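Notes follow the structure.
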Amino acid sequence: MSARVFAIANQKGGTGKTTLSMNFAAGLAKRGRVLVIDADPQGSAGQWSSLAADDRQFPVSVIAIGGNLAREAQRFGQDYDFLVLDCPPTLETEAMSLAMSVADTVLVPVLPSPVDLWASIRLVDAIEQAKMRNRGLTAHIVVNQLEPRSALSHAMQQALEEFDIPALKNGLRRRAIYRNAAIEGVSVYCMGKRGAAAAEEIDEIVKEVL
């Protein structure tokens with residue numbers, strides 16, 4: 001498989017997993033061919049891409065997978081430069097472990113509170129287990145919905161330091177434009193001046209991860 005594979009994962013819902021998946025994929029599309037594999041039974045990524053008007057199609061392909069995620073990633077990896085796996089918000093199925101078995105990098109979106117971070121502790125254990133089988137796997141926390149002009153709380157900083165997964169220096173601020181882009185079925189890159197600051201955030205995440 002030639003594609004570089006990113007799994008976007010958190011067993012906790014409401015952390016912005018699909019928001020990160022779709023906009024991160026759009027950022028990667030400036031660097032190569034990208035496929036988003038929607039493994040979430042809710043199908044949010046597929047619904048997102050289907051909302052765009054004909055003249056504003058989402059810049060990457062999105063497919064839904066209900067079978068063996070690792071096998072499908074291997075199959076499509078020959079045709080794309082990047083795969084983005086939008087994982088289901090649960091550890092109770094094998095989908096997330098299969099995703100991590102083929103991923104190069106796992107990105108874990110979390111909300112900026114220690115409680116939300118601690119709710120992700122089981123995922124940390126799952127990632128450590130995955131590293132035993134996939135030696136090249138790396139993982140990063142992506143803090144989502146940061147309030148403008150406010151730093152992470154001291155408690156959140158301490159909580160991040162307790163984790164074995166490092167946090168990216170760049171995160172996503174709380175911006176209505178992310179929600180608006182989803183409603184319109186596009187990425188923040190298609191939102192003109194309104195989306196410029198958000199697009200810059202995504203670019204910084206892409207650069208840091210690559």
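Residue names in the structure tokens use chain letters A, B, ... in the order shown, residue numbers from 1 in each chain, and ligand numbers from 1 in the order shown.
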Considering only C-alpha atoms, return as an mmCIF file with C-alpha atoms, in the first residue's frame whatever protein or nucleic-acid residues lie within 7 Å of segment 2-8 of chain A, sequence-local ones (same chain, fewer than 3 positions apart) excluded.
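Contents of selection16.cif, freshly written:
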```
data_model
loop_
_atom_site.group_PDB
_atom_site.id
_atom_site.type_symbol
_atom_site.label_atom_id
_atom_site.label_comp_id
_atom_site.auth_asym_id
_atom_site.auth_seq_id
_atom_site.Cartn_x
_atom_site.Cartn_y
_atom_site.Cartn_z
ATOM 1 C CA LYS A 17 -14.011 13.649 14.749
ATOM 2 C CA SER A 21 -11.539 14.217 9.202
ATOM 3 C CA GLY A 77 -4.235 2.530 -0.818
ATOM 4 C CA GLN A 78 -2.838 1.753 -4.248
ATOM 5 C CA TYR A 80 -4.452 7.388 -3.488
ATOM 6 C CA ASP A 81 -1.655 9.334 -1.839
ATOM 7 C CA PHE A 82 -3.559 9.721 1.442
ATOM 8 C CA LEU A 83 -6.353 7.817 3.156
ATOM 9 C CA VAL A 84 -8.319 9.381 6.020
ATOM 10 C CA LEU A 85 -10.243 6.839 8.103
ATOM 11 C CA ASP A 86 -13.157 8.356 10.027
ATOM 12 C CA CYS A 87 -13.506 5.725 12.757
ATOM 13 C CA ALA A 99 -7.926 1.045 11.340
ATOM 14 C CA MET A 100 -4.931 1.329 13.661
ATOM 15 C CA ALA A 103 -2.625 3.514 9.886
ATOM 16 C CA ASP A 104 0.610 5.461 9.901
ATOM 17 C CA THR A 105 -0.845 8.080 12.250
ATOM 18 C CA VAL A 106 -3.795 8.262 14.632
ATOM 19 C CA LEU A 107 -5.236 11.706 15.355
ATOM 20 C CA VAL A 108 -7.383 11.899 18.496
#
```
Quiz prompt | Close residues, Tyr189 of chain A itself excluded, 10 Å, only C-alpha atoms, min 2 positions apart in chain, as a ChimeraX atom specification | solution = /A:23,26-27,59,181,186-187,191-200,202-203
Mind dumping the selected residues with N, CA and C atoms as a PDB file, in the first residue's frame?
```pdb
ATOM      1  N   ASN A  23     -12.071  18.251   7.058  1.00  0.00           N
ATOM      2  CA  ASN A  23     -11.237  19.423   6.761  1.00  0.00           C
ATOM      3  C   ASN A  23      -9.769  19.057   6.633  1.00  0.00           C
ATOM      4  N   ALA A  26      -9.395  17.722   3.226  1.00  0.00           N
ATOM      5  CA  ALA A  26      -9.373  18.815   2.248  1.00  0.00           C
ATOM      6  C   ALA A  26      -8.019  19.497   2.219  1.00  0.00           C
ATOM      7  N   GLY A  27      -7.389  19.619   3.384  1.00  0.00           N
ATOM      8  CA  GLY A  27      -6.039  20.184   3.425  1.00  0.00           C
ATOM      9  C   GLY A  27      -5.024  19.292   2.745  1.00  0.00           C
ATOM     10  N   PRO A  59     -13.814  18.392  -2.183  1.00  0.00           N
ATOM     11  CA  PRO A  59     -12.603  18.185  -2.984  1.00  0.00           C
ATOM     12  C   PRO A  59     -12.003  16.785  -2.923  1.00  0.00           C
ATOM     13  N   ALA A 181     -19.623  25.144   7.249  1.00  0.00           N
ATOM     14  CA  ALA A 181     -19.051  24.379   6.133  1.00  0.00           C
ATOM     15  C   ALA A 181     -19.714  23.005   6.030  1.00  0.00           C
ATOM     16  N   VAL A 186     -19.174  21.436   2.325  1.00  0.00           N
ATOM     17  CA  VAL A 186     -17.858  21.809   1.799  1.00  0.00           C
ATOM     18  C   VAL A 186     -16.859  21.843   2.950  1.00  0.00           C
ATOM     19  N   SER A 187     -15.613  22.143   2.625  1.00  0.00           N
ATOM     20  CA  SER A 187     -14.597  22.349   3.655  1.00  0.00           C
ATOM     21  C   SER A 187     -14.446  23.844   3.919  1.00  0.00           C
ATOM     22  N   MET A 191     -14.910  28.433   1.872  1.00  0.00           N
ATOM     23  CA  MET A 191     -15.760  29.433   2.515  1.00  0.00           C
ATOM     24  C   MET A 191     -15.236  30.857   2.373  1.00  0.00           C
ATOM     25  N   GLY A 192     -14.317  31.066   1.445  1.00  0.00           N
ATOM     26  CA  GLY A 192     -13.828  32.416   1.181  1.00  0.00           C
ATOM     27  C   GLY A 192     -13.139  33.039   2.381  1.00  0.00           C
ATOM     28  N   LYS A 193     -13.277  34.354   2.493  1.00  0.00           N
ATOM     29  CA  LYS A 193     -12.619  35.069   3.585  1.00  0.00           C
ATOM     30  C   LYS A 193     -13.119  34.609   4.950  1.00  0.00           C
ATOM     31  N   ARG A 194     -14.400  34.190   5.009  1.00  0.00           N
ATOM     32  CA  ARG A 194     -14.959  33.728   6.289  1.00  0.00           C
ATOM     33  C   ARG A 194     -14.219  32.498   6.811  1.00  0.00           C
ATOM     34  N   GLY A 195     -13.714  31.683   5.894  1.00  0.00           N
ATOM     35  CA  GLY A 195     -13.054  30.449   6.296  1.00  0.00           C
ATOM     36  C   GLY A 195     -11.544  30.532   6.329  1.00  0.00           C
ATOM     37  N   ALA A 196     -10.981  31.716   6.064  1.00  0.00           N
ATOM     38  CA  ALA A 196      -9.527  31.835   5.917  1.00  0.00           C
ATOM     39  C   ALA A 196      -8.775  31.446   7.190  1.00  0.00           C
ATOM     40  N   ALA A 197      -9.245  31.929   8.337  1.00  0.00           N
ATOM     41  CA  ALA A 197      -8.543  31.634   9.585  1.00  0.00           C
ATOM     42  C   ALA A 197      -8.620  30.145   9.914  1.00  0.00           C
ATOM     43  N   ALA A 198      -9.786  29.546   9.680  1.00  0.00           N
ATOM     44  CA  ALA A 198      -9.933  28.108   9.932  1.00  0.00           C
ATOM     45  C   ALA A 198      -9.069  27.300   8.971  1.00  0.00           C
ATOM     46  N   ALA A 199      -9.029  27.713   7.715  1.00  0.00           N
ATOM     47  CA  ALA A 199      -8.199  27.016   6.734  1.00  0.00           C
ATOM     48  C   ALA A 199      -6.730  27.076   7.125  1.00  0.00           C
ATOM     49  N   GLU A 200      -6.324  28.197   7.671  1.00  0.00           N
ATOM     50  CA  GLU A 200      -4.939  28.329   8.132  1.00  0.00           C
ATOM     51  C   GLU A 200      -4.654  27.362   9.280  1.00  0.00           C
ATOM     52  N   ILE A 202      -6.099  24.448   9.760  1.00  0.00           N
ATOM     53  CA  ILE A 202      -5.999  23.112   9.189  1.00  0.00           C
ATOM     54  C   ILE A 202      -4.643  22.939   8.491  1.00  0.00           C
ATOM     55  N   ASP A 203      -4.213  23.973   7.757  1.00  0.00           N
ATOM     56  CA  ASP A 203      -2.905  23.906   7.085  1.00  0.00           C
ATOM     57  C   ASP A 203      -1.781  23.667   8.101  1.00  0.00           C
TER      58      ASP A 203
END
```
If you run DSSP on the backbone here, which positions in segment 95-210 of chain A get helix (DSSP H, G or I)? Please write them as an mmCIF file with N, CA and C atoms, in the first residue's frame.
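The file below, out.cif, is the result:
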```
data_model
loop_
_atom_site.group_PDB
_atom_site.id
_atom_site.type_symbol
_atom_site.label_atom_id
_atom_site.label_comp_id
_atom_site.auth_asym_id
_atom_site.auth_seq_id
_atom_site.Cartn_x
_atom_site.Cartn_y
_atom_site.Cartn_z
ATOM 1 N N ALA A 95 -13.564 -2.287 14.332
ATOM 2 C CA ALA A 95 -13.242 -1.300 13.294
ATOM 3 C C ALA A 95 -12.056 -0.433 13.678
ATOM 4 N N MET A 96 -12.025 0.045 14.929
ATOM 5 C CA MET A 96 -10.943 0.943 15.314
ATOM 6 C C MET A 96 -9.604 0.220 15.374
ATOM 7 N N SER A 97 -9.592 -1.002 15.880
ATOM 8 C CA SER A 97 -8.335 -1.744 15.937
ATOM 9 C C SER A 97 -7.848 -2.082 14.532
ATOM 10 N N LEU A 98 -8.776 -2.371 13.613
ATOM 11 C CA LEU A 98 -8.389 -2.624 12.222
ATOM 12 C C LEU A 98 -7.815 -1.368 11.580
ATOM 13 N N ALA A 99 -8.430 -0.219 11.879
ATOM 14 C CA ALA A 99 -7.926 1.045 11.340
ATOM 15 C C ALA A 99 -6.498 1.295 11.817
ATOM 16 N N MET A 100 -6.262 1.067 13.106
ATOM 17 C CA MET A 100 -4.931 1.329 13.661
ATOM 18 C C MET A 100 -3.897 0.303 13.205
ATOM 19 N N SER A 101 -4.362 -0.844 12.735
ATOM 20 C CA SER A 101 -3.420 -1.853 12.240
ATOM 21 C C SER A 101 -2.803 -1.456 10.909
ATOM 22 N N VAL A 102 -3.477 -0.570 10.154
ATOM 23 C CA VAL A 102 -2.953 -0.148 8.851
ATOM 24 C C VAL A 102 -2.570 1.327 8.828
ATOM 25 N N PRO A 114 -10.282 18.610 31.029
ATOM 26 C CA PRO A 114 -9.702 17.366 31.546
ATOM 27 C C PRO A 114 -10.698 16.218 31.562
ATOM 28 N N VAL A 115 -11.964 16.500 31.843
ATOM 29 C CA VAL A 115 -12.976 15.441 31.895
ATOM 30 C C VAL A 115 -13.095 14.749 30.547
ATOM 31 N N ASP A 116 -13.139 15.545 29.476
ATOM 32 C CA ASP A 116 -13.235 14.958 28.141
ATOM 33 C C ASP A 116 -11.975 14.181 27.788
ATOM 34 N N LEU A 117 -10.836 14.685 28.211
ATOM 35 C CA LEU A 117 -9.588 13.992 27.931
ATOM 36 C C LEU A 117 -9.542 12.659 28.666
ATOM 37 N N TRP A 118 -9.911 12.654 29.929
ATOM 38 C CA TRP A 118 -9.888 11.421 30.712
ATOM 39 C C TRP A 118 -10.874 10.398 30.168
ATOM 40 N N ILE A 121 -9.306 7.737 27.897
ATOM 41 C CA ILE A 121 -8.189 6.961 28.416
ATOM 42 C C ILE A 121 -8.151 5.551 27.841
ATOM 43 N N ARG A 122 -9.326 4.944 27.596
ATOM 44 C CA ARG A 122 -9.336 3.589 27.045
ATOM 45 C C ARG A 122 -8.742 3.562 25.641
ATOM 46 N N LEU A 123 -8.906 4.651 24.914
ATOM 47 C CA LEU A 123 -8.337 4.711 23.570
ATOM 48 C C LEU A 123 -6.817 4.708 23.637
ATOM 49 N N VAL A 124 -6.256 5.337 24.652
ATOM 50 C CA VAL A 124 -4.797 5.338 24.822
ATOM 51 C C VAL A 124 -4.297 3.907 24.958
ATOM 52 N N ASP A 125 -4.984 3.108 25.752
ATOM 53 C CA ASP A 125 -4.600 1.702 25.913
ATOM 54 C C ASP A 125 -4.708 0.962 24.583
ATOM 55 N N ALA A 126 -5.775 1.248 23.817
ATOM 56 C CA ALA A 126 -5.955 0.582 22.527
ATOM 57 C C ALA A 126 -4.841 0.950 21.557
ATOM 58 N N ILE A 127 -4.412 2.211 21.593
ATOM 59 C CA ILE A 127 -3.319 2.652 20.719
ATOM 60 C C ILE A 127 -2.018 1.958 21.105
ATOM 61 N N GLU A 128 -1.757 1.837 22.405
ATOM 62 C CA GLU A 128 -0.538 1.154 22.849
ATOM 63 C C GLU A 128 -0.541 -0.304 22.407
ATOM 64 N N GLN A 129 -1.690 -0.950 22.465
ATOM 65 C CA GLN A 129 -1.782 -2.325 21.988
ATOM 66 C C GLN A 129 -1.555 -2.399 20.490
ATOM 67 N N ALA A 130 -2.103 -1.414 19.759
ATOM 68 C CA ALA A 130 -1.937 -1.395 18.306
ATOM 69 C C ALA A 130 -0.472 -1.219 17.921
ATOM 70 N N LYS A 131 0.275 -0.462 18.700
ATOM 71 C CA LYS A 131 1.693 -0.231 18.409
ATOM 72 C C LYS A 131 2.509 -1.509 18.504
ATOM 73 N N MET A 132 2.029 -2.476 19.274
ATOM 74 C CA MET A 132 2.736 -3.750 19.373
ATOM 75 C C MET A 132 2.652 -4.517 18.056
ATOM 76 N N ARG A 133 1.560 -4.319 17.322
ATOM 77 C CA ARG A 133 1.379 -4.997 16.035
ATOM 78 C C ARG A 133 1.817 -4.121 14.867
ATOM 79 N N HIS A 154 -4.864 25.335 33.220
ATOM 80 C CA HIS A 154 -3.753 24.648 33.893
ATOM 81 C C HIS A 154 -4.099 23.180 34.106
ATOM 82 N N ALA A 155 -5.358 22.910 34.471
ATOM 83 C CA ALA A 155 -5.781 21.529 34.698
ATOM 84 C C ALA A 155 -5.698 20.707 33.414
ATOM 85 N N MET A 156 -6.065 21.330 32.273
ATOM 86 C CA MET A 156 -5.990 20.619 31.001
ATOM 87 C C MET A 156 -4.536 20.363 30.612
ATOM 88 N N GLN A 157 -3.681 21.331 30.841
ATOM 89 C CA GLN A 157 -2.253 21.145 30.550
ATOM 90 C C GLN A 157 -1.695 19.979 31.344
ATOM 91 N N GLN A 158 -2.064 19.912 32.629
ATOM 92 C CA GLN A 158 -1.590 18.815 33.469
ATOM 93 C C GLN A 158 -2.135 17.476 32.969
ATOM 94 N N ALA A 159 -3.412 17.473 32.577
ATOM 95 C CA ALA A 159 -4.021 16.239 32.085
ATOM 96 C C ALA A 159 -3.334 15.758 30.809
ATOM 97 N N LEU A 160 -2.997 16.694 29.924
ATOM 98 C CA LEU A 160 -2.294 16.330 28.689
ATOM 99 C C LEU A 160 -0.931 15.732 28.991
ATOM 100 N N GLU A 161 -0.262 16.278 29.990
ATOM 101 C CA GLU A 161 1.069 15.785 30.347
ATOM 102 C C GLU A 161 1.020 14.376 30.925
ATOM 103 N N GLU A 162 -0.131 13.978 31.463
ATOM 104 C CA GLU A 162 -0.270 12.638 32.030
ATOM 105 C C GLU A 162 -0.410 11.577 30.937
ATOM 106 N N ALA A 176 -17.751 29.087 14.308
ATOM 107 C CA ALA A 176 -19.012 28.726 13.657
ATOM 108 C C ALA A 176 -18.789 28.283 12.216
ATOM 109 N N ILE A 177 -17.684 28.700 11.613
ATOM 110 C CA ILE A 177 -17.444 28.397 10.210
ATOM 111 C C ILE A 177 -17.315 26.899 9.975
ATOM 112 N N TYR A 178 -16.828 26.147 10.966
ATOM 113 C CA TYR A 178 -16.727 24.696 10.801
ATOM 114 C C TYR A 178 -18.121 24.088 10.661
ATOM 115 N N ARG A 179 -19.043 24.535 11.470
ATOM 116 C CA ARG A 179 -20.420 24.045 11.400
ATOM 117 C C ARG A 179 -21.075 24.492 10.091
ATOM 118 N N ASN A 180 -20.827 25.734 9.694
ATOM 119 C CA ASN A 180 -21.415 26.246 8.451
ATOM 120 C C ASN A 180 -20.912 25.474 7.233
ATOM 121 N N ALA A 181 -19.623 25.144 7.249
ATOM 122 C CA ALA A 181 -19.051 24.379 6.133
ATOM 123 C C ALA A 181 -19.714 23.005 6.030
ATOM 124 N N ALA A 182 -19.949 22.375 7.185
ATOM 125 C CA ALA A 182 -20.604 21.064 7.180
ATOM 126 C C ALA A 182 -22.016 21.161 6.622
ATOM 127 N N ILE A 183 -22.730 22.197 7.030
ATOM 128 C CA ILE A 183 -24.109 22.381 6.561
ATOM 129 C C ILE A 183 -24.150 22.551 5.042
ATOM 130 N N GLU A 184 -23.118 23.215 4.497
ATOM 131 C CA GLU A 184 -23.070 23.463 3.056
ATOM 132 C C GLU A 184 -22.389 22.337 2.288
ATOM 133 N N VAL A 188 -13.701 24.185 4.961
ATOM 134 C CA VAL A 188 -13.492 25.603 5.269
ATOM 135 C C VAL A 188 -12.694 26.297 4.169
ATOM 136 N N TYR A 189 -11.995 25.511 3.333
ATOM 137 C CA TYR A 189 -11.236 26.105 2.231
ATOM 138 C C TYR A 189 -12.160 26.709 1.173
ATOM 139 N N CYS A 190 -13.416 26.296 1.160
ATOM 140 C CA CYS A 190 -14.373 26.783 0.164
ATOM 141 C C CYS A 190 -15.217 27.947 0.680
ATOM 142 N N GLY A 192 -14.317 31.066 1.445
ATOM 143 C CA GLY A 192 -13.828 32.416 1.181
ATOM 144 C C GLY A 192 -13.139 33.039 2.381
ATOM 145 N N LYS A 193 -13.277 34.354 2.493
ATOM 146 C CA LYS A 193 -12.619 35.069 3.585
ATOM 147 C C LYS A 193 -13.119 34.609 4.950
ATOM 148 N N ARG A 194 -14.400 34.190 5.009
ATOM 149 C CA ARG A 194 -14.959 33.728 6.289
ATOM 150 C C ARG A 194 -14.219 32.498 6.811
ATOM 151 N N GLY A 195 -13.714 31.683 5.894
ATOM 152 C CA GLY A 195 -13.054 30.449 6.296
ATOM 153 C C GLY A 195 -11.544 30.532 6.329
ATOM 154 N N ALA A 196 -10.981 31.716 6.064
ATOM 155 C CA ALA A 196 -9.527 31.835 5.917
ATOM 156 C C ALA A 196 -8.775 31.446 7.190
ATOM 157 N N ALA A 197 -9.245 31.929 8.337
ATOM 158 C CA ALA A 197 -8.543 31.634 9.585
ATOM 159 C C ALA A 197 -8.620 30.145 9.914
ATOM 160 N N ALA A 198 -9.786 29.546 9.680
ATOM 161 C CA ALA A 198 -9.933 28.108 9.932
ATOM 162 C C ALA A 198 -9.069 27.300 8.971
ATOM 163 N N ALA A 199 -9.029 27.713 7.715
ATOM 164 C CA ALA A 199 -8.199 27.016 6.734
ATOM 165 C C ALA A 199 -6.730 27.076 7.125
ATOM 166 N N GLU A 200 -6.324 28.197 7.671
ATOM 167 C CA GLU A 200 -4.939 28.329 8.132
ATOM 168 C C GLU A 200 -4.654 27.362 9.280
ATOM 169 N N GLU A 201 -5.640 27.197 10.180
ATOM 170 C CA GLU A 201 -5.483 26.226 11.273
ATOM 171 C C GLU A 201 -5.281 24.817 10.734
ATOM 172 N N ILE A 202 -6.099 24.448 9.760
ATOM 173 C CA ILE A 202 -5.999 23.112 9.189
ATOM 174 C C ILE A 202 -4.643 22.939 8.491
ATOM 175 N N ASP A 203 -4.213 23.973 7.757
ATOM 176 C CA ASP A 203 -2.905 23.906 7.085
ATOM 177 C C ASP A 203 -1.781 23.667 8.101
ATOM 178 N N GLU A 204 -1.860 24.340 9.245
ATOM 179 C CA GLU A 204 -0.816 24.167 10.259
ATOM 180 C C GLU A 204 -0.831 22.746 10.832
ATOM 181 N N ILE A 205 -2.011 22.174 11.004
ATOM 182 C CA ILE A 205 -2.107 20.793 11.487
ATOM 183 C C ILE A 205 -1.513 19.840 10.445
ATOM 184 N N VAL A 206 -1.872 20.049 9.187
ATOM 185 C CA VAL A 206 -1.338 19.191 8.112
ATOM 186 C C VAL A 206 0.175 19.267 8.085
ATOM 187 N N LYS A 207 0.729 20.471 8.135
ATOM 188 C CA LYS A 207 2.185 20.628 8.092
ATOM 189 C C LYS A 207 2.845 19.968 9.294
ATOM 190 N N GLU A 208 2.240 20.126 10.458
ATOM 191 C CA GLU A 208 2.835 19.542 11.669
ATOM 192 C C GLU A 208 2.824 18.013 11.613
ATOM 193 N N VAL A 209 1.741 17.450 11.092
ATOM 194 C CA VAL A 209 1.634 15.996 11.036
ATOM 195 C C VAL A 209 2.530 15.411 9.940
#
```
Quiz item: Using only C-alpha atoms, which residue out of A:Asn144, A:Ser49, A:Asn170, A:Thr90 lies closest to Gly16 of chain A?
Solution: A:Asn144
Self-check item: Members of segment 1-195 of chain A assigned strand (DSSP E or B) by DSSP, as a VMD selection string
Solution: chain A and resid 4 to 8 34 to 38 61 to 64 82 to 86 105 to 110 138 to 143 146 167 173
May I have the selected residues written with N, CA and C atoms, as a compact mmCIF listing (two decimals), in the first residue's frame?
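See selection.txt below for the written result:
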```txt
# COMPACT_ATOMS: atom_id res chain seq x y z
N ARG A 4 -0.37 7.11 2.44
CA ARG A 4 -0.16 7.37 3.86
C ARG A 4 -1.54 7.40 4.52
N VAL A 5 -1.68 6.67 5.62
CA VAL A 5 -3.00 6.45 6.21
C VAL A 5 -3.12 7.16 7.56
N PHE A 6 -4.20 7.94 7.69
CA PHE A 6 -4.50 8.64 8.94
C PHE A 6 -5.82 8.13 9.48
N ALA A 7 -5.82 7.67 10.72
CA ALA A 7 -7.06 7.28 11.39
C ALA A 7 -7.46 8.40 12.34
N ILE A 8 -8.69 8.87 12.22
CA ILE A 8 -9.22 9.89 13.12
C ILE A 8 -10.12 9.16 14.10
N VAL A 34 -6.70 12.13 -2.32
CA VAL A 34 -7.16 11.78 -0.98
C VAL A 34 -8.49 11.04 -1.06
N LEU A 35 -8.62 10.02 -0.23
CA LEU A 35 -9.89 9.31 -0.07
C LEU A 35 -10.24 9.29 1.42
N VAL A 36 -11.48 9.69 1.74
CA VAL A 36 -11.99 9.55 3.10
C VAL A 36 -12.80 8.25 3.15
N ILE A 37 -12.47 7.38 4.08
CA ILE A 37 -13.24 6.16 4.30
C ILE A 37 -14.07 6.37 5.56
N ASP A 38 -15.37 6.40 5.37
CA ASP A 38 -16.31 6.64 6.45
C ASP A 38 -16.70 5.30 7.07
N SER A 61 -12.85 12.34 -2.48
CA SER A 61 -13.87 11.29 -2.53
C SER A 61 -14.14 10.75 -1.13
N VAL A 62 -15.39 10.37 -0.89
CA VAL A 62 -15.78 9.78 0.39
C VAL A 62 -16.55 8.50 0.11
N ILE A 63 -16.14 7.41 0.75
CA ILE A 63 -16.87 6.15 0.60
C ILE A 63 -17.18 5.60 1.99
N ALA A 64 -18.27 4.87 2.08
CA ALA A 64 -18.65 4.23 3.34
C ALA A 64 -18.21 2.77 3.30
N PHE A 82 -3.18 9.65 0.03
CA PHE A 82 -3.56 9.72 1.44
C PHE A 82 -4.92 9.07 1.64
N LEU A 83 -5.06 8.32 2.71
CA LEU A 83 -6.35 7.82 3.16
C LEU A 83 -6.64 8.41 4.53
N VAL A 84 -7.87 8.88 4.72
CA VAL A 84 -8.32 9.38 6.02
C VAL A 84 -9.46 8.48 6.48
N LEU A 85 -9.26 7.78 7.59
CA LEU A 85 -10.24 6.84 8.10
C LEU A 85 -11.02 7.50 9.24
N ASP A 86 -12.29 7.77 9.00
CA ASP A 86 -13.16 8.36 10.03
C ASP A 86 -13.75 7.19 10.82
N THR A 105 -0.65 7.09 11.19
CA THR A 105 -0.84 8.08 12.25
C THR A 105 -2.29 8.04 12.73
N VAL A 106 -2.47 8.11 14.05
CA VAL A 106 -3.79 8.26 14.63
C VAL A 106 -3.91 9.68 15.18
N LEU A 107 -4.95 10.39 14.80
CA LEU A 107 -5.24 11.71 15.36
C LEU A 107 -6.46 11.58 16.25
N VAL A 108 -6.33 12.06 17.49
CA VAL A 108 -7.38 11.90 18.50
C VAL A 108 -7.93 13.28 18.86
N PRO A 109 -9.06 13.69 18.30
CA PRO A 109 -9.63 14.99 18.68
C PRO A 109 -10.24 14.92 20.08
N VAL A 110 -9.96 15.91 20.92
CA VAL A 110 -10.54 15.98 22.26
C VAL A 110 -10.99 17.42 22.51
N THR A 138 2.16 6.17 14.87
CA THR A 138 2.31 7.32 15.75
C THR A 138 0.92 7.86 16.07
N ALA A 139 0.82 8.60 17.17
CA ALA A 139 -0.48 9.13 17.59
C ALA A 139 -0.31 10.53 18.16
N HIS A 140 -1.31 11.37 17.92
CA HIS A 140 -1.30 12.74 18.42
C HIS A 140 -2.70 13.13 18.86
N ILE A 141 -2.78 13.87 19.94
CA ILE A 141 -4.02 14.48 20.37
C ILE A 141 -4.19 15.81 19.62
N VAL A 142 -5.40 16.08 19.17
CA VAL A 142 -5.72 17.36 18.53
C VAL A 142 -6.79 18.03 19.39
N VAL A 143 -6.44 19.12 20.04
CA VAL A 143 -7.42 19.81 20.89
C VAL A 143 -8.38 20.60 20.00
N LEU A 146 -11.07 25.13 20.91
CA LEU A 146 -10.38 26.08 21.78
C LEU A 146 -11.06 27.43 21.67
N ALA A 167 0.25 15.98 22.39
CA ALA A 167 -0.71 16.86 21.72
C ALA A 167 0.01 17.68 20.65
N ARG A 173 -9.82 26.00 16.81
CA ARG A 173 -10.56 26.92 17.69
C ARG A 173 -12.06 26.71 17.52
```
Quiz prompt | Residue nearest Gly13 of chain A among A:Ala39, A:Lys30, A:Ala119, A:Val60 (counting only C-alpha atoms) | solution = A:Ala119
Self-check item: Selected residue, from A:Glu72, A:Glu92, A:Asp164, A:Asp79, that lies nearest to Gln11 of chain A when counting only C-alpha atoms
Solution: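 When distances to Gln11 of chain A are compared using only C-alpha atoms, the smallest one comes from A:Glu92.
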Self-check item: Nearest candidate to Arg174 of chain A (options A:Pro112, A:Ile65, A:Leu137, A:Leu210; using only C-alpha atoms)
Solution: A:Pro112
Practice problem: May I ask for the distance between atom CA of Asn10 of chain A and atom CA of Gly185 of chain A, given in Å to one decimal place? | Solution: 22.7 Å
Self-check item: d(atom CA of Met22 of chain A, atom CA of Ser44 of chain A) in Å
Solution: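 Going from atom CA of Met22 of chain A over to atom CA of Ser44 of chain A covers 9.9 Å.
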Exercise. Would you mind telling me which residue in A:Gln74, A:Asn134, A:Thr18, A:Gln57 lies nearest to Asp40 of chain A when using only C-alpha atoms?
Key: A:Thr18
Quiz item: Quick one: of A:Leu111, A:Leu152, A:Glu147, A:Pro166, who's nearest to Thr15 of chain A, counting only C-alpha atoms?
Solution: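 So, comparing all the options, the nearest one is A:Leu111.
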